[in-house]
$ cat query-v9.pdb   # PDB, C-alpha atoms, pLDDT in the B column
ATOM      1  CA  ASP I 621     160.618 131.066  58.946  1.00 44.00           C
ATOM      2  CA  ALA I 622     163.186 128.391  59.802  1.00 51.00           C
ATOM      3  CA  GLY I 623     160.578 125.629  59.593  1.00 59.00           C
ATOM      4  CA  GLY I 624     159.193 126.769  56.243  1.00 66.00           C
ATOM      5  CA  PRO I 625     160.048 125.462  52.789  1.00 80.00           C
ATOM      6  CA  ALA I 626     163.531 126.171  51.496  1.00 91.00           C
ATOM      7  CA  VAL I 627     162.258 126.061  47.918  1.00 97.00           C
ATOM      8  CA  ARG I 628     158.765 126.409  46.479  1.00 98.00           C
ATOM      9  CA  VAL I 629     158.000 125.136  42.999  1.00 98.00           C
ATOM     10  CA  ALA I 630     155.037 125.245  40.623  1.00 98.00           C
ATOM     11  CA  SER I 631     154.205 123.658  37.297  1.00 98.00           C
ATOM     12  CA  GLN I 632     151.552 124.601  34.742  1.00 98.00           C
ATOM     13  CA  ASN I 633     150.477 123.427  31.311  1.00 98.00           C
ATOM     14  CA  LEU I 634     149.489 126.769  29.797  1.00 98.00           C
ATOM     15  CA  ARG I 635     147.474 125.250  26.898  1.00 96.00           C
ATOM     16  CA  ALA I 636     148.705 125.933  23.382  1.00 93.00           C
ATOM     17  CA  GLY I 637     145.546 127.818  22.389  1.00 94.00           C
ATOM     18  CA  ASN I 638     145.416 129.873  25.582  1.00 97.00           C
ATOM     19  CA  PRO I 639     143.901 133.297  24.754  1.00 96.00           C
ATOM     20  CA  ASP I 640     145.733 134.992  27.643  1.00 97.00           C
ATOM     21  CA  PRO I 641     148.807 133.028  28.772  1.00 97.00           C
ATOM     22  CA  ALA I 642     150.020 136.084  30.667  1.00 97.00           C
ATOM     23  CA  ALA I 643     146.968 135.912  32.957  1.00 98.00           C
ATOM     24  CA  THR I 644     147.604 132.223  33.604  1.00 98.00           C
ATOM     25  CA  ALA I 645     151.271 132.837  34.417  1.00 98.00           C
ATOM     26  CA  ALA I 646     150.441 135.829  36.628  1.00 97.00           C
ATOM     27  CA  ALA I 647     147.985 133.765  38.663  1.00 97.00           C
ATOM     28  CA  LEU I 648     150.618 131.077  39.129  1.00 96.00           C
ATOM     29  CA  ALA I 649     153.216 133.625  40.209  1.00 97.00           C
ATOM     30  CA  GLY I 650     150.701 134.829  42.790  1.00 94.00           C
ATOM     31  CA  ALA I 651     151.367 131.628  44.736  1.00 92.00           C
ATOM     32  CA  ALA I 652     154.961 132.948  45.184  1.00 96.00           C
ATOM     33  CA  PRO I 653     156.974 129.924  44.031  1.00 98.00           C
ATOM     34  CA  ASP I 654     160.723 130.240  43.619  1.00 98.00           C
ATOM     35  CA  LEU I 655     160.702 128.150  40.439  1.00 98.00           C
ATOM     36  CA  ILE I 656     158.015 127.888  37.763  1.00 98.00           C
ATOM     37  CA  GLY I 657     157.942 125.150  35.141  1.00 98.00           C
ATOM     38  CA  LEU I 658     155.724 125.758  32.121  1.00 98.00           C
ATOM     39  CA  GLN I 659     154.553 123.527  29.300  1.00 98.00           C
ATOM     40  CA  GLU I 660     152.846 124.402  26.005  1.00 98.00           C
ATOM     41  CA  VAL I 661     154.454 127.831  25.942  1.00 98.00           C
ATOM     42  CA  ALA I 662     153.292 129.270  22.620  1.00 95.00           C
ATOM     43  CA  ASP I 663     153.740 133.006  23.324  1.00 94.00           C
ATOM     44  CA  GLY I 664     156.945 133.521  25.283  1.00 95.00           C
ATOM     45  CA  PRO I 665     156.967 137.345  25.151  1.00 96.00           C
ATOM     46  CA  ARG I 666     153.509 137.606  26.758  1.00 96.00           C
ATOM     47  CA  VAL I 667     154.529 135.224  29.509  1.00 98.00           C
ATOM     48  CA  ALA I 668     157.760 137.158  30.028  1.00 97.00           C
ATOM     49  CA  SER I 669     155.798 140.375  30.426  1.00 97.00           C
ATOM     50  CA  VAL I 670     154.411 139.161  33.771  1.00 97.00           C
ATOM     51  CA  LEU I 671     157.233 136.930  35.027  1.00 98.00           C
ATOM     52  CA  ALA I 672     160.510 138.626  34.117  1.00 97.00           C
ATOM     53  CA  ASP I 673     160.621 141.088  37.026  1.00 97.00           C
ATOM     54  CA  ARG I 674     160.116 138.464  39.737  1.00 97.00           C
ATOM     55  CA  TYR I 675     161.928 135.677  37.904  1.00 98.00           C
ATOM     56  CA  PRO I 676     164.987 137.154  36.208  1.00 98.00           C
ATOM     57  CA  HIS I 677     166.474 133.800  35.189  1.00 98.00           C
ATOM     58  CA  ARG I 678     164.933 131.482  32.626  1.00 98.00           C
ATOM     59  CA  SER I 679     165.650 128.595  30.310  1.00 98.00           C
ATOM     60  CA  VAL I 680     163.486 127.697  27.314  1.00 97.00           C
ATOM     61  CA  VAL I 681     163.575 124.603  25.112  1.00 97.00           C
ATOM     62  CA  SER I 682     160.908 124.460  22.405  1.00 96.00           C
ATOM     63  CA  THR I 683     157.568 124.676  24.281  1.00 97.00           C
ATOM     64  CA  VAL I 684     158.809 124.084  27.839  1.00 98.00           C
ATOM     65  CA  ALA I 685     160.358 126.708  30.084  1.00 98.00           C
ATOM     66  CA  LEU I 686     161.793 127.211  33.550  1.00 98.00           C
ATOM     67  CA  TRP I 687     161.550 130.572  35.313  1.00 98.00           C
ATOM     68  CA  SER I 688     163.688 131.033  38.422  1.00 98.00           C
ATOM     69  CA  ARG I 689     164.319 133.584  41.155  1.00 98.00           C
ATOM     70  CA  TRP I 690     167.861 132.229  41.366  1.00 98.00           C
ATOM     71  CA  PRO I 691     170.635 131.898  38.767  1.00 98.00           C
ATOM     72  CA  ILE I 692     170.545 128.987  36.365  1.00 98.00           C
ATOM     73  CA  ARG I 693     174.053 127.551  36.032  1.00 93.00           C
ATOM     74  CA  GLU I 694     173.412 125.381  32.996  1.00 95.00           C
ATOM     75  CA  ALA I 695     170.531 124.076  30.935  1.00 97.00           C
ATOM     76  CA  HIS I 696     169.958 121.807  27.971  1.00 98.00           C
ATOM     77  CA  GLY I 697     167.249 119.890  26.188  1.00 98.00           C
ATOM     78  CA  VAL I 698     166.398 116.328  27.193  1.00 98.00           C
ATOM     79  CA  ASP I 699     165.575 113.732  24.550  1.00 96.00           C
ATOM     80  CA  THR I 700     162.446 111.796  25.501  1.00 96.00           C
ATOM     81  CA  GLY I 701     162.101 110.082  22.132  1.00 93.00           C
ATOM     82  CA  LEU I 702     159.578 112.411  20.509  1.00 92.00           C
ATOM     83  CA  GLY I 703     161.938 113.408  17.701  1.00 89.00           C
ATOM     84  CA  TRP I 704     162.276 116.903  19.176  1.00 91.00           C
ATOM     85  CA  ASP I 705     163.126 118.056  22.679  1.00 94.00           C
ATOM     86  CA  ARG I 706     160.047 118.772  24.788  1.00 96.00           C
ATOM     87  CA  ALA I 707     161.903 118.598  28.081  1.00 98.00           C
ATOM     88  CA  LEU I 708     164.800 120.436  29.673  1.00 98.00           C
ATOM     89  CA  ARG I 709     167.229 119.950  32.521  1.00 98.00           C
ATOM     90  CA  ALA I 710     168.669 122.923  34.376  1.00 98.00           C
ATOM     91  CA  VAL I 711     170.889 123.379  37.407  1.00 98.00           C
ATOM     92  CA  VAL I 712     169.559 126.127  39.663  1.00 98.00           C
ATOM     93  CA  ALA I 713     171.908 127.822  42.124  1.00 98.00           C
ATOM     94  CA  ALA I 714     169.538 127.922  45.099  1.00 97.00           C
ATOM     95  CA  PRO I 715     170.783 129.553  48.319  1.00 95.00           C
ATOM     96  CA  GLN I 716     171.144 126.130  49.981  1.00 94.00           C
ATOM     97  CA  GLY I 717     173.015 124.572  47.052  1.00 95.00           C
ATOM     98  CA  ASP I 718     172.551 123.348  43.515  1.00 97.00           C
ATOM     99  CA  LEU I 719     169.233 121.812  42.498  1.00 98.00           C
ATOM    100  CA  ALA I 720     168.692 119.881  39.266  1.00 98.00           C
ATOM    101  CA  VAL I 721     165.326 120.768  37.738  1.00 98.00           C
ATOM    102  CA  TYR I 722     163.574 118.989  34.888  1.00 98.00           C
ATOM    103  CA  VAL I 723     160.646 120.621  33.107  1.00 98.00           C
ATOM    104  CA  VAL I 724     158.879 118.002  31.039  1.00 98.00           C
ATOM    105  CA  HIS I 725     155.939 117.510  28.702  1.00 98.00           C
ATOM    106  CA  LEU I 726     155.731 113.831  27.833  1.00 97.00           C
ATOM    107  CA  GLY I 727     153.940 112.284  24.872  1.00 92.00           C
ATOM    108  CA  SER I 728     150.169 112.316  24.711  1.00 87.00           C
ATOM    109  CA  ALA I 729     148.042 109.219  25.207  1.00 76.00           C
ATOM    110  CA  ARG I 730     144.703 108.359  23.662  1.00 70.00           C
ATOM    111  CA  ALA I 731     142.477 105.375  24.305  1.00 65.00           C
ATOM    112  CA  GLY I 732     144.222 102.407  22.754  1.00 64.00           C
ATOM    113  CA  HIS I 733     147.204 104.512  21.660  1.00 73.00           C
ATOM    114  CA  THR I 734     149.630 104.914  24.549  1.00 80.00           C
ATOM    115  CA  ALA I 735     152.905 103.661  23.035  1.00 91.00           C
ATOM    116  CA  THR I 736     154.401 107.123  22.481  1.00 91.00           C
ATOM    117  CA  ARG I 737     153.531 108.239  26.008  1.00 92.00           C
ATOM    118  CA  ASP I 738     154.856 104.986  27.464  1.00 92.00           C
ATOM    119  CA  ASP I 739     158.148 105.353  25.589  1.00 95.00           C
ATOM    120  CA  THR I 740     158.606 108.921  26.834  1.00 96.00           C
ATOM    121  CA  VAL I 741     158.010 107.845  30.439  1.00 96.00           C
ATOM    122  CA  ALA I 742     160.740 105.215  30.035  1.00 96.00           C
ATOM    123  CA  ALA I 743     163.096 107.779  28.456  1.00 97.00           C
ATOM    124  CA  LEU I 744     162.567 110.235  31.314  1.00 98.00           C
ATOM    125  CA  ALA I 745     163.150 107.492  33.868  1.00 97.00           C
ATOM    126  CA  ALA I 746     166.415 106.568  32.124  1.00 97.00           C
ATOM    127  CA  ALA I 747     167.571 110.206  32.195  1.00 98.00           C
ATOM    128  CA  VAL I 748     166.753 110.565  35.899  1.00 98.00           C
ATOM    129  CA  ARG I 749     168.411 107.237  36.724  1.00 98.00           C
ATOM    130  CA  ALA I 750     171.631 108.406  35.058  1.00 98.00           C
ATOM    131  CA  ASP I 751     171.535 111.882  36.618  1.00 98.00           C
ATOM    132  CA  PRO I 752     174.247 112.332  39.282  1.00 98.00           C
ATOM    133  CA  ALA I 753     172.484 115.196  41.088  1.00 98.00           C
ATOM    134  CA  ASP I 754     171.853 114.628  44.795  1.00 97.00           C
ATOM    135  CA  ARG I 755     168.821 116.951  44.804  1.00 98.00           C
ATOM    136  CA  LEU I 756     166.435 116.847  41.891  1.00 98.00           C
ATOM    137  CA  VAL I 757     162.855 117.810  41.008  1.00 98.00           C
ATOM    138  CA  VAL I 758     160.738 116.990  37.976  1.00 98.00           C
ATOM    139  CA  LEU I 759     157.997 119.470  37.063  1.00 98.00           C
ATOM    140  CA  GLY I 760     155.587 118.767  34.286  1.00 98.00           C
ATOM    141  CA  ASP I 761     152.701 117.318  32.397  1.00 98.00           C
ATOM    142  CA  LEU I 762     153.587 113.635  32.234  1.00 97.00           C
ATOM    143  CA  ASN I 763     150.301 112.668  30.593  1.00 94.00           C
ATOM    144  CA  THR I 764     149.693 109.848  33.041  1.00 93.00           C
ATOM    145  CA  ALA I 765     148.620 109.356  36.635  1.00 91.00           C
ATOM    146  CA  THR I 766     150.756 107.736  39.307  1.00 89.00           C
ATOM    147  CA  THR I 767     148.224 104.896  39.484  1.00 89.00           C
ATOM    148  CA  ASP I 768     149.089 103.834  35.913  1.00 90.00           C
ATOM    149  CA  ARG I 769     151.551 100.933  35.858  1.00 91.00           C
ATOM    150  CA  VAL I 770     153.566 102.679  33.149  1.00 92.00           C
ATOM    151  CA  PHE I 771     154.507 105.245  35.833  1.00 94.00           C
ATOM    152  CA  ASP I 772     156.304 102.592  37.910  1.00 95.00           C
ATOM    153  CA  PRO I 773     159.824 103.308  36.529  1.00 94.00           C
ATOM    154  CA  LEU I 774     159.518 106.855  37.850  1.00 96.00           C
ATOM    155  CA  THR I 775     157.988 105.984  41.221  1.00 93.00           C
ATOM    156  CA  ARG I 776     160.881 103.602  41.867  1.00 96.00           C
ATOM    157  CA  LEU I 777     163.282 106.525  41.438  1.00 98.00           C
ATOM    158  CA  LEU I 778     161.426 109.558  42.758  1.00 98.00           C
ATOM    159  CA  GLY I 779     158.975 110.624  45.429  1.00 98.00           C
ATOM    160  CA  ASP I 780     155.623 112.210  44.595  1.00 98.00           C
ATOM    161  CA  ALA I 781     155.120 115.517  46.422  1.00 98.00           C
ATOM    162  CA  GLN I 782     151.320 115.339  46.299  1.00 98.00           C
ATOM    163  CA  ALA I 783     151.225 111.818  47.727  1.00 97.00           C
ATOM    164  CA  ASP I 784     153.807 112.609  50.409  1.00 97.00           C
ATOM    165  CA  ALA I 785     152.824 116.121  51.511  1.00 97.00           C
ATOM    166  CA  GLY I 786     149.473 117.013  49.918  1.00 97.00           C
ATOM    167  CA  GLN I 787     145.861 116.305  50.780  1.00 94.00           C
ATOM    168  CA  GLY I 788     143.454 114.385  48.590  1.00 92.00           C
ATOM    169  CA  PHE I 789     144.022 113.220  45.041  1.00 93.00           C
ATOM    170  CA  GLY I 790     145.294 116.526  43.665  1.00 97.00           C
ATOM    171  CA  PHE I 791     143.432 116.109  40.362  1.00 98.00           C
ATOM    172  CA  THR I 792     144.354 118.672  37.687  1.00 98.00           C
ATOM    173  CA  TRP I 793     142.576 117.793  34.427  1.00 97.00           C
ATOM    174  CA  PRO I 794     140.250 118.912  32.990  1.00 97.00           C
ATOM    175  CA  ALA I 795     140.424 122.187  34.868  1.00 97.00           C
ATOM    176  CA  GLU I 796     136.664 122.708  35.130  1.00 96.00           C
ATOM    177  CA  LEU I 797     136.012 119.415  36.875  1.00 96.00           C
ATOM    178  CA  PRO I 798     139.272 117.446  37.210  1.00 97.00           C
ATOM    179  CA  VAL I 799     139.133 113.680  37.376  1.00 96.00           C
ATOM    180  CA  THR I 800     142.797 112.734  36.946  1.00 96.00           C
ATOM    181  CA  ARG I 801     146.289 114.071  37.643  1.00 97.00           C
ATOM    182  CA  PRO I 802     148.670 114.127  34.676  1.00 97.00           C
ATOM    183  CA  ASP I 803     150.589 117.053  36.238  1.00 98.00           C
ATOM    184  CA  HIS I 804     153.260 116.252  38.789  1.00 98.00           C
ATOM    185  CA  VAL I 805     156.045 117.411  41.071  1.00 98.00           C
ATOM    186  CA  LEU I 806     158.457 114.527  41.643  1.00 98.00           C
ATOM    187  CA  TYR I 807     161.623 114.725  43.724  1.00 98.00           C
ATOM    188  CA  ARG I 808     164.631 113.111  45.356  1.00 98.00           C
ATOM    189  CA  GLY I 809     167.118 114.311  47.950  1.00 98.00           C
ATOM    190  CA  LEU I 810     164.625 116.765  49.471  1.00 97.00           C
ATOM    191  CA  THR I 811     161.920 116.666  52.138  1.00 97.00           C
ATOM    192  CA  PRO I 812     158.464 117.728  50.915  1.00 97.00           C
ATOM    193  CA  THR I 813     156.558 119.990  53.290  1.00 96.00           C
ATOM    194  CA  THR I 814     153.587 121.114  51.207  1.00 96.00           C
ATOM    195  CA  ALA I 815     151.853 120.186  47.961  1.00 98.00           C
ATOM    196  CA  GLY I 816     148.666 121.331  46.315  1.00 97.00           C
ATOM    197  CA  VAL I 817     146.726 122.385  43.251  1.00 98.00           C
ATOM    198  CA  VAL I 818     146.021 125.931  42.020  1.00 97.00           C
ATOM    199  CA  ARG I 819     143.175 126.929  39.708  1.00 97.00           C
ATOM    200  CA  THR I 820     144.430 129.395  37.112  1.00 97.00           C
ATOM    201  CA  PRO I 821     142.466 131.141  34.336  1.00 97.00           C
ATOM    202  CA  ASP I 822     142.380 130.138  30.663  1.00 97.00           C
ATOM    203  CA  SER I 823     144.200 126.807  30.899  1.00 98.00           C
ATOM    204  CA  ASP I 824     142.617 123.374  30.606  1.00 97.00           C
ATOM    205  CA  HIS I 825     144.943 122.140  33.396  1.00 98.00           C
ATOM    206  CA  ARG I 826     145.144 123.208  37.000  1.00 98.00           C
ATOM    207  CA  ALA I 827     148.646 123.950  38.252  1.00 98.00           C
ATOM    208  CA  VAL I 828     150.567 121.901  40.808  1.00 98.00           C
ATOM    209  CA  THR I 829     152.730 123.319  43.597  1.00 98.00           C
ATOM    210  CA  ALA I 830     155.068 121.959  46.252  1.00 98.00           C
ATOM    211  CA  GLY I 831     157.438 123.131  48.948  1.00 97.00           C
ATOM    212  CA  PHE I 832     160.618 121.365  50.069  1.00 97.00           C
ATOM    213  CA  ARG I 833     163.232 121.553  52.807  1.00 96.00           C
ATOM    214  CA  TRP I 834     166.860 120.693  52.155  1.00 93.00           C
TER     215      TRP I 834
END
$ encode --input "query-v9.pdb" --output "structure tokens"
Amino acid sequence: DAGGPAVRVASQNLRAGNPDPAATAAALAGAAPDLIGLQEVADGPRVASVLADRYPHRSVVSTVALWSRWPIREAHGVDTGLGWDRALRAVVAAPQGDLAVYVVHLGSARAGHTATRDDTVAALAAAVRADPADRLVVLGDLNTATTDRVFDPLTRLLGDAQADAGQGFGFTWPAELPVTRPDHVLYRGLTPTTAGVVRTPDSDHRAVTAGFRW
């Protein structure tokens, strides 16, 4: 209806060793998002087998992918300092106008070893800061929670859909009993109306979803 979201998005880390990524993707599609961002895509054809009919437009860069109900005008990899692109930026031709969409999987962090992750957060923030798009969303596994100080460069630039329109902490990892939220939907130039978490099969992450008005 007129008061509902103009665009619904979802993001999921599929897990590289997922025995049935198609089942994970199908469960995510069941939430009826317009755009799906995926990370750790190791078997693209199996994912395509359940998404291609509903999401005829896609962009893939290494192990990240964007699936869209609407045409994708352009897309390219984004350098986050890992030595290979594990992020993409696309421009989606939504009915209300163009929307810049980043799908991102930032560097991993281990206890006492966070430098790579920290550098990738800074690189993503620099890319977003330089991006001229009026409306923009970031979907992905950023390998850090918004409460971590390293996240500050992003929170100064973007809103957090879960914090602004969701309920509770929105924890996503580990999927069985989540205690933190490395998975995010960040935005600017839009008004968030909904945000939440979806339990999907076979992944070690829960998915994140959000709805926005123009």
$ resolve_selection --input "query-v9.pdb" --expression "the PyMOL selection byres ((chain I and resi 678) around 6)" --output "list in words"
His677, Ser679, Leu686, Trp687 and Ser688 of chain I
$ residues_near_point --input "query-v9.pdb" --point "(156.1, 103.0, 31.0)" --cutoff "10 Å" --atoms "only C-alpha atoms" --output "number ranges by chain"
I: 734-745, 764, 768-774
$ write_last_selection --input "query-v9.pdb" --atoms "C-alpha atoms" --output "PDB file, in the frame of the given file"
ATOM      1  CA  THR I 734     149.630 104.914  24.549  1.00 80.00           C
ATOM      2  CA  ALA I 735     152.905 103.661  23.035  1.00 91.00           C
ATOM      3  CA  THR I 736     154.401 107.123  22.481  1.00 91.00           C
ATOM      4  CA  ARG I 737     153.531 108.239  26.008  1.00 92.00           C
ATOM      5  CA  ASP I 738     154.856 104.986  27.464  1.00 92.00           C
ATOM      6  CA  ASP I 739     158.148 105.353  25.589  1.00 95.00           C
ATOM      7  CA  THR I 740     158.606 108.921  26.834  1.00 96.00           C
ATOM      8  CA  VAL I 741     158.010 107.845  30.439  1.00 96.00           C
ATOM      9  CA  ALA I 742     160.740 105.215  30.035  1.00 96.00           C
ATOM     10  CA  ALA I 743     163.096 107.779  28.456  1.00 97.00           C
ATOM     11  CA  LEU I 744     162.567 110.235  31.314  1.00 98.00           C
ATOM     12  CA  ALA I 745     163.150 107.492  33.868  1.00 97.00           C
ATOM     13  CA  THR I 764     149.693 109.848  33.041  1.00 93.00           C
ATOM     14  CA  ASP I 768     149.089 103.834  35.913  1.00 90.00           C
ATOM     15  CA  ARG I 769     151.551 100.933  35.858  1.00 91.00           C
ATOM     16  CA  VAL I 770     153.566 102.679  33.149  1.00 92.00           C
ATOM     17  CA  PHE I 771     154.507 105.245  35.833  1.00 94.00           C
ATOM     18  CA  ASP I 772     156.304 102.592  37.910  1.00 95.00           C
ATOM     19  CA  PRO I 773     159.824 103.308  36.529  1.00 94.00           C
ATOM     20  CA  LEU I 774     159.518 106.855  37.850  1.00 96.00           C
TER      21      LEU I 774
END
$ residues_around --input "query-v9.pdb" --residues "Val667 in chain I" --least-positions-apart "2" --cutoff "12 Å" --atoms "all atoms listed in the file" --output "MDAnalysis selection string"
chainID I and resid 634 638:649 656 658:665 669:673 675 678 680 685:687
$ atom_distance --input "query-v9.pdb" --atom1 "CA of Gly788 in chain I" --atom2 "CA of Val817 in chain I"
10.2 Å
$ resolve_selection --input "query-v9.pdb" --expression "the PyMOL selection byres ((chain I and resi 695) around 10)" --output "PyMOL selection string"
chain I and resi 678-681+686+692-694+696-698+708-712+720-722
$ atom_distance --input "query-v9.pdb" --atom1 "CA of Ala827 in chain I" --atom2 "CA of Asp803 in chain I"
7.4 Å
$ atom_distance --input "query-v9.pdb" --atom1 "CA of Ala630 in chain I" --atom2 "CA of Leu756 in chain I"
14.2 Å
$ residues_around --input "query-v9.pdb" --residues "Ala785 in chain I" --least-positions-apart "4" --cutoff "9 Å" --atoms "all atoms listed in the file" --output "PyMOL selection string"
chain I and resi 780-781+812-816+830-831
$ resolve_selection --input "query-v9.pdb" --expression "the PyMOL selection byres ((chain I and resi 808) around 10)" --output "mmCIF file with C-alpha atoms, in the frame of the given file"
data_model
loop_
_atom_site.group_PDB
_atom_site.id
_atom_site.type_symbol
_atom_site.label_atom_id
_atom_site.label_comp_id
_atom_site.auth_asym_id
_atom_site.auth_seq_id
_atom_site.Cartn_x
_atom_site.Cartn_y
_atom_site.Cartn_z
ATOM 1 C CA ALA I 720 168.692 119.881 39.266
ATOM 2 C CA ALA I 753 172.484 115.196 41.088
ATOM 3 C CA ASP I 754 171.853 114.628 44.795
ATOM 4 C CA ARG I 755 168.821 116.951 44.804
ATOM 5 C CA LEU I 756 166.435 116.847 41.891
ATOM 6 C CA VAL I 757 162.855 117.810 41.008
ATOM 7 C CA VAL I 758 160.738 116.990 37.976
ATOM 8 C CA LEU I 777 163.282 106.525 41.438
ATOM 9 C CA LEU I 778 161.426 109.558 42.758
ATOM 10 C CA GLY I 779 158.975 110.624 45.429
ATOM 11 C CA ASP I 780 155.623 112.210 44.595
ATOM 12 C CA ALA I 781 155.120 115.517 46.422
ATOM 13 C CA LEU I 806 158.457 114.527 41.643
ATOM 14 C CA TYR I 807 161.623 114.725 43.724
ATOM 15 C CA GLY I 809 167.118 114.311 47.950
ATOM 16 C CA LEU I 810 164.625 116.765 49.471
ATOM 17 C CA THR I 811 161.920 116.666 52.138
ATOM 18 C CA PRO I 812 158.464 117.728 50.915
#
$ residues_around --input "query-v9.pdb" --residues "Ala626 in chain I" --least-positions-apart "5" --cutoff "8 Å" --atoms "all atoms listed in the file" --output "list of chain:residue names"
I:Gln716, I:Gly831, I:Phe832, I:Arg833, I:Trp834
$ closest_residue --input "query-v9.pdb" --among "I:Thr829, I:Thr775, I:Thr700, I:Arg635" --to "Trp793 in chain I" --atoms "only C-alpha atoms"
I:Arg635
$ closest_residue --input "query-v9.pdb" --among "I:Val627, I:Ala795, I:Ala636, I:His804" --to "Leu719 in chain I" --atoms "only C-alpha atoms"
I:Val627
$ residues_near_point --input "query-v9.pdb" --point "(140.9, 122.6, 36.4)" --cutoff "10 Å" --atoms "all atoms listed in the file" --output "PyMOL selection string"
chain I and resi 791-799+817-827
$ closest_residue --input "query-v9.pdb" --among "I:Gln782, I:Arg706, I:Pro715, I:Val828" --to "Pro653 in chain I" --atoms "all atoms listed in the file"
I:Val828
